[in-house]
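*Asks:* Okay, here's the structure, questions in a sec.
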Number of protein chains: 2
Amino acid sequence: MRWIAGGVTTAVGFLASGVSAGIKRRRKSDLALVVSDTLASAAGVMTTNRIQAAPVQLSARRLRRGTARAILLNSGCANCLTGPEGVRDALRLGRSVARALGVPEREVLLASTGLIGRRLPVARMERAIPPLIKELSRDHHRAAAQAILTTDRVPKEAAVQARLGGRLCHVGGMAKGAGMIAPSMATMLCVLTTDVAIAPGLLREALREATNLTFNRISVDGDMSTNDAVLTLANGRSGVAIRRTAEVKLFMAMLMAVSAKLAACIVEDGEGASKVMEVQVVGARTEHEAKRCARQVANSPLVKTMLAGADPNVGRIAAAVGASAARFDPDRLDIFLDHRPVVSKGAALHVGTAMLRSLLAKPRVEVRVDLRAGRARALMVTCDLTEAYVRINAGYSS
Amino acid sequence: MRWIAGGVTTAVGFLASGVSAGIKRRRKSDLALVVSDTLASAAGVMTTNRIQAAPVQLSARRLRRGTARAILLNSGCANCLTGPEGVRDALRLGRSVARALGVPEREVLLASTGLIGRRLPVARMERAIPPLIKELSRDHHRAAAQAILTTDRVPKEAAVQARLGGRLCHVGGMAKGAGMIAPSMATMLCVLTTDVAIAPGLLREALREATNLTFNRISVDGDMSTNDAVLTLANGRSGVAIRRTAEVKLFMAMLMAVSAKLAACIVEDGEGASKVMEVQVVGARTEHEAKRCARQVANSPLVKTMLAGADPNVGRIAAAVGASAARFDPDRLDIFLDHRPVVSKGAALHVGTAMLRSLLAKPRVEVRVDLRAGRARALMVTCDLTEAYVRINAGYSS
């Protein structure tokens, strides 16, 4: 397996495009389409929020069949909290795309991101469908990745290829993140495409596992969106069939690699983020407790502002660990910052302020918490909380 | 019952003082003492964080006897993550105060707030004990309230009096809050004093109930401190004995009033806060779900930044409700902003942006979430998340 340049059209038989449909102001790109030239196995992981946007509800229903041909995505409007009209809007857009592509309506998936509580400008969007389809090309993966962004600063793409039974196969993808990124859910919009042939059930399992270990382990602000979705299409066009254990292993590695890369891009581009923190909890009694503990640290505003200011205050990490559901003996707790012990047996060590400050000033900070209570471990990746985050989010809808 | 000016020395027989012991820089006031002239019933509610500061551990142990005479409080250093030395430091300070007051060591309670992971400057603090005791006075309640502050902008005091069986009795108190304020715990430092006579067990019950309904219902940043403590002394000097149901009711009302006032002061003075939000969840299936839901909304960074920017984005409230543990039908959800419906049957209403903006621009914003799933309800009070919060917390230890 090796990394290659590309994105959502790297796998054979996929086309993509991105245009401005006038959902956002100032003619910003806001509508994207990804199409497979043959019917593909399809799977998705959706938000666990009880309030789900119309496109999430619709795509979840269509994914039950396990196949799809196209994904229509828009930014600038979430089509959420829009009642029965919102569902009708999504249905109507899906129908227009299906007709223009000459495929059954049920083979079109939808995803939206942006402001909650506003209707989609459906008429305007329908007028943009012909140019969107005309733009479809293997070369336009970047335009598609651009069209799904909201407060993201950069498009997020990744692709890998591998040889299996003498044939090349690919996994590629694009994602948007930036705000409302929280663990324990699909966390953002992501489209993954691959040219392997794989049964829908197996694809679903693989996607779920990859998502749990990548997108569900990142956090920007602990908030949970109503629109998050990771959608995958596998069209078999490489001629590589994924059936046996060894093949599944390689495919999982490819899916994991692309997901992990896109997840990392999302954290690095977190709203207002200036640096990334890896929180590794080891020595927990159970994996569940390890995860809860890592999340409490990763989501703590006091830890995240400390990171922003490179302000050496390791007590905040310990306070977050103690506030979590993890059971441990406070007198055995060890904490390391970039492999340097800063708390030992529950007591803060006398590490010089200058040293702590230089450890925290790096663009990537590693925190390791050893609870010394068991053998379970978990990792969370998060970013710092800066004044820029507040600035962005205090004026988002304006 | 009526409100009167005063604080921790309003109840008969209490003295207080506050001086600078050189824990903080620039000779800021940082050491406070509260003393009862007779042995008092004593009770406390402490942080539920697994990591507890040395003074919290020590006071919790001493409170098991149910009586105390004095409380020594300091700001500028939390004496937490300080290992066995931290416990020895707290013991030594308590002993010095006990000797100077001529009371048994076990009758002195301790509380600390400030930076975690640093030792107390014990020698310097011991030198400040004689002036601290010399300053003890009924008039010095404000000096004591001042000495326990960290990033708070103003001292927080409250007092009430009531007539019972022809005799006047009082409850007064002081608190500090500002950062690391989160629900489900003691939340900050608070000292409540009263001149009623009440058995320690009954005092403990009353304090626990008052704390659950006041200090545990406020949130500034969702973080949970290692040092939080609400400590209460009841010395009986008013001659009013609290024994029967009717008396207990009045006393509870007094305790609740002072606690609620101090809790409100803490939210209003939240780090960087510019306004207060009351989150009322009604129609939940259980009280537990109502509380979880109210907390999810109150702690959501996206809701709190929206409030800071007075940016009308009610979808963020709905997203937080949906992300909570509360069970409800998304198609029945109603949300009100200051009694004005903004979400009805799960759909956002077309309220003008100018109107929404003016609703959110008030210094006190009321959010009411009706889950329409049951009869349970819960209230949380929180403040907005501003750039000032980040500024304060990115540079706190410097």
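Residues are named by chain letter and number: chains run A, B, ... in the order of the structure tokens, numbers start at 1 in each chain, and ligands are numbered from 1 in the order shown.
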If you count only C-alpha atoms, which residues fall within 9 Å of region 274-290 of chain B, apart from same-chain ones fewer than 4 positions away, as an mmCIF file with N, CA and C atoms, in the first residue's frame?
*Replies:*
data_model
loop_
_atom_site.group_PDB
_atom_site.id
_atom_site.type_symbol
_atom_site.label_atom_id
_atom_site.label_comp_id
_atom_site.auth_asym_id
_atom_site.auth_seq_id
_atom_site.Cartn_x
_atom_site.Cartn_y
_atom_site.Cartn_z
ATOM 1 N N VAL B 267 -21.963 32.688 38.472
ATOM 2 C CA VAL B 267 -22.206 32.617 37.024
ATOM 3 C C VAL B 267 -22.031 33.989 36.384
ATOM 4 N N GLU B 268 -22.599 35.010 37.030
ATOM 5 C CA GLU B 268 -22.490 36.360 36.459
ATOM 6 C C GLU B 268 -21.045 36.807 36.350
ATOM 7 N N ASP B 269 -20.214 36.283 37.271
ATOM 8 C CA ASP B 269 -18.805 36.663 37.268
ATOM 9 C C ASP B 269 -17.972 35.561 36.621
ATOM 10 N N GLY B 270 -18.581 34.694 35.819
ATOM 11 C CA GLY B 270 -17.856 33.622 35.126
ATOM 12 C C GLY B 270 -16.717 34.199 34.317
ATOM 13 N N ALA B 294 -30.266 19.547 30.074
ATOM 14 C CA ALA B 294 -29.996 20.952 30.410
ATOM 15 C C ALA B 294 -28.487 21.202 30.461
ATOM 16 N N ARG B 295 -27.751 20.228 30.995
ATOM 17 C CA ARG B 295 -26.300 20.368 31.085
ATOM 18 C C ARG B 295 -25.635 20.365 29.722
ATOM 19 N N VAL B 297 -26.847 21.379 26.945
ATOM 20 C CA VAL B 297 -27.062 22.690 26.322
ATOM 21 C C VAL B 297 -26.180 23.747 27.015
ATOM 22 N N ALA B 298 -26.196 23.729 28.355
ATOM 23 C CA ALA B 298 -25.463 24.746 29.116
ATOM 24 C C ALA B 298 -23.961 24.655 28.885
ATOM 25 N N LYS B 304 -22.705 28.450 23.719
ATOM 26 C CA LYS B 304 -22.136 29.522 24.538
ATOM 27 C C LYS B 304 -21.482 30.614 23.682
ATOM 28 N N LEU B 307 -24.268 32.671 22.154
ATOM 29 C CA LEU B 307 -24.757 33.633 23.135
ATOM 30 C C LEU B 307 -23.821 34.845 23.209
ATOM 31 N N ALA B 308 -22.528 34.585 23.176
ATOM 32 C CA ALA B 308 -21.553 35.674 23.243
ATOM 33 C C ALA B 308 -21.721 36.624 22.060
ATOM 34 N N SER B 324 -27.775 14.911 23.770
ATOM 35 C CA SER B 324 -27.833 14.538 25.186
ATOM 36 C C SER B 324 -28.448 13.159 25.364
ATOM 37 N N ALA B 325 -28.450 12.690 26.605
ATOM 38 C CA ALA B 325 -28.968 11.354 26.886
ATOM 39 C C ALA B 325 -30.495 11.328 26.960
ATOM 40 N N ALA B 326 -31.139 12.484 26.840
ATOM 41 C CA ALA B 326 -32.603 12.531 26.986
ATOM 42 C C ALA B 326 -33.290 11.849 25.803
ATOM 43 N N ARG B 327 -34.301 11.026 26.109
ATOM 44 C CA ARG B 327 -35.067 10.366 25.044
ATOM 45 C C ARG B 327 -36.287 11.221 24.709
ATOM 46 N N PHE B 328 -36.504 11.468 23.415
ATOM 47 C CA PHE B 328 -37.668 12.254 22.996
ATOM 48 C C PHE B 328 -37.876 12.056 21.506
ATOM 49 N N ALA B 361 -29.485 39.334 22.715
ATOM 50 C CA ALA B 361 -28.609 40.432 23.117
ATOM 51 C C ALA B 361 -28.827 40.843 24.576
ATOM 52 N N LYS B 362 -29.931 40.367 25.183
ATOM 53 C CA LYS B 362 -30.203 40.738 26.578
ATOM 54 C C LYS B 362 -29.129 40.183 27.522
ATOM 55 N N PRO B 363 -28.919 40.833 28.672
ATOM 56 C CA PRO B 363 -27.901 40.335 29.611
ATOM 57 C C PRO B 363 -28.295 38.997 30.231
ATOM 58 N N ARG B 364 -29.601 38.689 30.217
ATOM 59 C CA ARG B 364 -30.068 37.424 30.783
ATOM 60 C C ARG B 364 -30.993 36.772 29.755
ATOM 61 N N VAL B 365 -30.611 35.618 29.247
ATOM 62 C CA VAL B 365 -31.388 34.959 28.208
ATOM 63 C C VAL B 365 -31.993 33.674 28.761
ATOM 64 N N GLU B 366 -33.278 33.467 28.479
ATOM 65 C CA GLU B 366 -33.946 32.277 28.986
ATOM 66 C C GLU B 366 -34.212 31.322 27.828
ATOM 67 N N VAL B 367 -33.698 30.127 27.925
ATOM 68 C CA VAL B 367 -33.972 29.103 26.916
ATOM 69 C C VAL B 367 -34.856 28.049 27.562
ATOM 70 N N ARG B 368 -35.962 27.713 26.908
ATOM 71 C CA ARG B 368 -36.852 26.696 27.447
ATOM 72 C C ARG B 368 -36.974 25.600 26.400
ATOM 73 N N VAL B 369 -36.633 24.386 26.783
ATOM 74 C CA VAL B 369 -36.698 23.246 25.874
ATOM 75 C C VAL B 369 -37.808 22.329 26.355
ATOM 76 N N ASP B 370 -38.816 22.095 25.517
ATOM 77 C CA ASP B 370 -39.892 21.185 25.893
ATOM 78 C C ASP B 370 -39.753 19.907 25.069
ATOM 79 N N LEU B 371 -39.374 18.817 25.761
ATOM 80 C CA LEU B 371 -39.132 17.546 25.060
ATOM 81 C C LEU B 371 -40.434 16.816 24.738
ATOM 82 N N ARG B 372 -41.538 17.205 25.419
ATOM 83 C CA ARG B 372 -42.854 16.576 25.217
ATOM 84 C C ARG B 372 -42.773 15.053 25.310
ATOM 85 N N ALA B 373 -42.022 14.597 26.292
ATOM 86 C CA ALA B 373 -41.867 13.148 26.456
ATOM 87 C C ALA B 373 -42.248 12.685 27.855
ATOM 88 N N GLY B 374 -42.535 13.643 28.755
ATOM 89 C CA GLY B 374 -42.862 13.274 30.129
ATOM 90 C C GLY B 374 -43.118 14.513 30.963
ATOM 91 N N ARG B 375 -42.922 14.374 32.291
ATOM 92 C CA ARG B 375 -43.259 15.485 33.166
ATOM 93 C C ARG B 375 -42.071 16.015 33.968
ATOM 94 N N ALA B 376 -40.896 15.459 33.767
ATOM 95 C CA ALA B 376 -39.750 15.886 34.580
ATOM 96 C C ALA B 376 -39.121 17.155 34.007
ATOM 97 N N ARG B 377 -38.498 17.924 34.898
ATOM 98 C CA ARG B 377 -37.882 19.184 34.482
ATOM 99 C C ARG B 377 -36.576 19.435 35.230
ATOM 100 N N ALA B 378 -35.749 20.305 34.689
ATOM 101 C CA ALA B 378 -34.506 20.687 35.360
ATOM 102 C C ALA B 378 -34.044 22.036 34.839
ATOM 103 N N LEU B 379 -33.323 22.753 35.693
ATOM 104 C CA LEU B 379 -32.826 24.082 35.338
ATOM 105 C C LEU B 379 -31.302 24.106 35.474
ATOM 106 N N MET B 380 -30.638 24.749 34.525
ATOM 107 C CA MET B 380 -29.203 24.992 34.642
ATOM 108 C C MET B 380 -28.970 26.468 34.321
ATOM 109 N N VAL B 381 -28.024 27.069 35.021
ATOM 110 C CA VAL B 381 -27.686 28.452 34.731
ATOM 111 C C VAL B 381 -26.237 28.491 34.279
ATOM 112 N N THR B 382 -25.993 29.155 33.178
ATOM 113 C CA THR B 382 -24.632 29.195 32.642
ATOM 114 C C THR B 382 -24.343 30.571 32.064
ATOM 115 N N CYS B 383 -23.123 30.773 31.589
ATOM 116 C CA CYS B 383 -22.782 32.059 30.993
ATOM 117 C C CYS B 383 -22.229 31.828 29.603
ATOM 118 N N ASP B 384 -21.977 32.900 28.883
ATOM 119 C CA ASP B 384 -21.484 32.758 27.519
ATOM 120 C C ASP B 384 -19.976 32.480 27.498
ATOM 121 N N LEU B 385 -19.504 32.012 26.348
ATOM 122 C CA LEU B 385 -18.078 31.738 26.155
ATOM 123 C C LEU B 385 -17.509 32.811 25.240
ATOM 124 N N THR B 386 -16.629 33.617 25.797
ATOM 125 C CA THR B 386 -16.123 34.768 25.054
ATOM 126 C C THR B 386 -14.631 34.631 24.789
#
*Asks:* Using DSSP on the backbone coordinates, identify the residues of region 174-305 of chain A assigned to alpha helix (DSSP H); present them as a PyMOL selection string.
*Replies:* chain A and resi 200-213+245-268+287-299+301-305
*Asks:* Could you write those residues out with C-alpha atoms, as a PDB file, in the first residue's frame?
*Replies:*
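Everything below was put into selection_39.pdb:
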ATOM      1  CA  PRO A 200     -22.420  -4.287   1.234  1.00  0.00           C
ATOM      2  CA  GLY A 201     -22.456  -6.090   4.600  1.00  0.00           C
ATOM      3  CA  LEU A 202     -18.686  -6.472   4.686  1.00  0.00           C
ATOM      4  CA  LEU A 203     -18.222  -2.866   3.514  1.00  0.00           C
ATOM      5  CA  ARG A 204     -20.483  -1.684   6.334  1.00  0.00           C
ATOM      6  CA  GLU A 205     -18.477  -3.626   8.936  1.00  0.00           C
ATOM      7  CA  ALA A 206     -15.166  -2.323   7.606  1.00  0.00           C
ATOM      8  CA  LEU A 207     -16.424   1.259   7.537  1.00  0.00           C
ATOM      9  CA  ARG A 208     -17.775   1.034  11.067  1.00  0.00           C
ATOM     10  CA  GLU A 209     -14.476  -0.253  12.400  1.00  0.00           C
ATOM     11  CA  ALA A 210     -12.432   2.342  10.521  1.00  0.00           C
ATOM     12  CA  THR A 211     -14.721   5.152  11.701  1.00  0.00           C
ATOM     13  CA  ASN A 212     -14.563   4.045  15.342  1.00  0.00           C
ATOM     14  CA  LEU A 213     -10.786   4.101  15.300  1.00  0.00           C
ATOM     15  CA  THR A 245      -9.475 -12.739   5.422  1.00  0.00           C
ATOM     16  CA  ALA A 246      -6.162 -11.667   3.888  1.00  0.00           C
ATOM     17  CA  GLU A 247      -7.871  -9.430   1.344  1.00  0.00           C
ATOM     18  CA  VAL A 248     -10.146  -7.935   3.973  1.00  0.00           C
ATOM     19  CA  LYS A 249      -7.096  -7.132   6.087  1.00  0.00           C
ATOM     20  CA  LEU A 250      -5.438  -5.210   3.284  1.00  0.00           C
ATOM     21  CA  PHE A 251      -8.648  -3.390   2.399  1.00  0.00           C
ATOM     22  CA  MET A 252      -9.184  -2.474   6.076  1.00  0.00           C
ATOM     23  CA  ALA A 253      -5.627  -1.107   6.200  1.00  0.00           C
ATOM     24  CA  MET A 254      -6.351   1.042   3.139  1.00  0.00           C
ATOM     25  CA  LEU A 255      -9.670   2.300   4.524  1.00  0.00           C
ATOM     26  CA  MET A 256      -8.047   2.999   7.910  1.00  0.00           C
ATOM     27  CA  ALA A 257      -5.154   4.876   6.312  1.00  0.00           C
ATOM     28  CA  VAL A 258      -7.383   7.226   4.326  1.00  0.00           C
ATOM     29  CA  SER A 259      -9.785   7.719   7.270  1.00  0.00           C
ATOM     30  CA  ALA A 260      -6.941   8.405   9.692  1.00  0.00           C
ATOM     31  CA  LYS A 261      -5.368  10.925   7.303  1.00  0.00           C
ATOM     32  CA  LEU A 262      -8.663  12.754   6.778  1.00  0.00           C
ATOM     33  CA  ALA A 263      -9.398  12.696  10.537  1.00  0.00           C
ATOM     34  CA  ALA A 264      -5.965  14.199  11.217  1.00  0.00           C
ATOM     35  CA  CYS A 265      -6.642  16.896   8.606  1.00  0.00           C
ATOM     36  CA  ILE A 266      -9.888  17.755  10.390  1.00  0.00           C
ATOM     37  CA  VAL A 267      -8.224  18.220  13.775  1.00  0.00           C
ATOM     38  CA  GLU A 268      -5.348  20.240  12.319  1.00  0.00           C
ATOM     39  CA  GLU A 287     -11.362   0.268  27.371  1.00  0.00           C
ATOM     40  CA  HIS A 288     -14.588   2.163  28.043  1.00  0.00           C
ATOM     41  CA  GLU A 289     -13.003   3.945  31.011  1.00  0.00           C
ATOM     42  CA  ALA A 290      -9.845   4.650  29.001  1.00  0.00           C
ATOM     43  CA  LYS A 291     -11.942   6.281  26.265  1.00  0.00           C
ATOM     44  CA  ARG A 292     -14.041   8.292  28.728  1.00  0.00           C
ATOM     45  CA  CYS A 293     -10.896   9.549  30.426  1.00  0.00           C
ATOM     46  CA  ALA A 294      -9.142  10.469  27.164  1.00  0.00           C
ATOM     47  CA  ARG A 295     -12.273  12.319  26.045  1.00  0.00           C
ATOM     48  CA  GLN A 296     -12.589  14.257  29.286  1.00  0.00           C
ATOM     49  CA  VAL A 297      -9.028  15.503  28.876  1.00  0.00           C
ATOM     50  CA  ALA A 298      -9.416  16.154  25.122  1.00  0.00           C
ATOM     51  CA  ASN A 299     -12.649  18.112  25.645  1.00  0.00           C
ATOM     52  CA  PRO A 301     -11.746  23.861  27.892  1.00  0.00           C
ATOM     53  CA  LEU A 302      -9.113  24.461  30.560  1.00  0.00           C
ATOM     54  CA  VAL A 303      -6.728  21.920  29.018  1.00  0.00           C
ATOM     55  CA  LYS A 304      -7.408  23.268  25.533  1.00  0.00           C
ATOM     56  CA  THR A 305      -6.834  26.911  26.496  1.00  0.00           C
TER      57      THR A 305
END
*Asks:* Skipping near chain neighbours, those fewer than 3 positions away, what residues fall within 7 Å of region 35-49 of chain B using only C-alpha atoms, listed as a PyMOL selection string?
*Replies:* (chain A and resi 322-323) or (chain B and resi 13-16+52+56+63+66-71+185-187+198-200+203-204+208+224-235)
*Asks:* Using only C-alpha atoms, find the one residue out of B:Pro121, B:Ser20, B:Leu359, B:Gly315 that sits nearest to Asn79 (chain A).
*Replies:*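 Comparing B:Pro121, B:Ser20, B:Leu359, B:Gly315 against Asn79 (chain A), the winner is B:Gly315.
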*Asks:* Looking only at the backbone, which of the residues in region 208-337 of chain B does DSSP tag as strand (DSSP E or B), as an mmCIF file with C-alpha atoms, in the first residue's frame?
*Replies:*
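Okay, this is what ended up in result.cif:
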data_model
loop_
_atom_site.group_PDB
_atom_site.id
_atom_site.type_symbol
_atom_site.label_atom_id
_atom_site.label_comp_id
_atom_site.auth_asym_id
_atom_site.auth_seq_id
_atom_site.Cartn_x
_atom_site.Cartn_y
_atom_site.Cartn_z
ATOM 1 C CA ILE B 218 -24.441 26.307 37.549
ATOM 2 C CA SER B 219 -21.768 25.893 34.920
ATOM 3 C CA ALA B 229 -15.804 22.805 48.860
ATOM 4 C CA VAL B 230 -18.855 24.303 50.498
ATOM 5 C CA LEU B 231 -18.248 24.497 54.242
ATOM 6 C CA THR B 232 -20.845 25.427 56.856
ATOM 7 C CA LEU B 233 -20.635 26.307 60.544
ATOM 8 C CA ALA B 234 -23.698 26.637 62.820
ATOM 9 C CA ALA B 241 -32.812 25.761 67.776
ATOM 10 C CA VAL B 276 -26.163 34.688 31.696
ATOM 11 C CA MET B 277 -28.308 31.957 30.159
ATOM 12 C CA GLU B 278 -30.971 30.001 32.012
ATOM 13 C CA VAL B 279 -31.623 26.627 30.427
ATOM 14 C CA GLN B 280 -34.944 25.142 31.480
ATOM 15 C CA VAL B 281 -35.732 21.645 30.225
ATOM 16 C CA VAL B 282 -39.335 20.496 30.690
ATOM 17 C CA GLY B 283 -41.321 17.494 29.482
ATOM 18 C CA ALA B 284 -38.489 15.015 30.056
ATOM 19 C CA ASP B 334 -40.353 22.770 21.056
ATOM 20 C CA ILE B 335 -37.805 25.448 21.949
ATOM 21 C CA PHE B 336 -38.529 28.920 23.314
ATOM 22 C CA LEU B 337 -36.202 31.903 23.621
#
*Asks:* Please measure the separation of CA of Ala21 (chain A) and CA of Ala318 (chain B), giving the value in Å to one decimal.
*Replies:*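 Here the two named atoms are 26.9 Å from each other.
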*Asks:* Quick one, how far is CA of Thr194 (chain B) from CA of Arg237 (chain B)?
*Replies:*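 If I compute the distance from CA of Thr194 (chain B) to CA of Arg237 (chain B), I get 8.6 Å.
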*Asks:* At what distance in Å, to one decimal, does CA of Leu360 (chain A) lie from CA of Val342 (chain A)?
*Replies:*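 So the answer is 12.1 Å.
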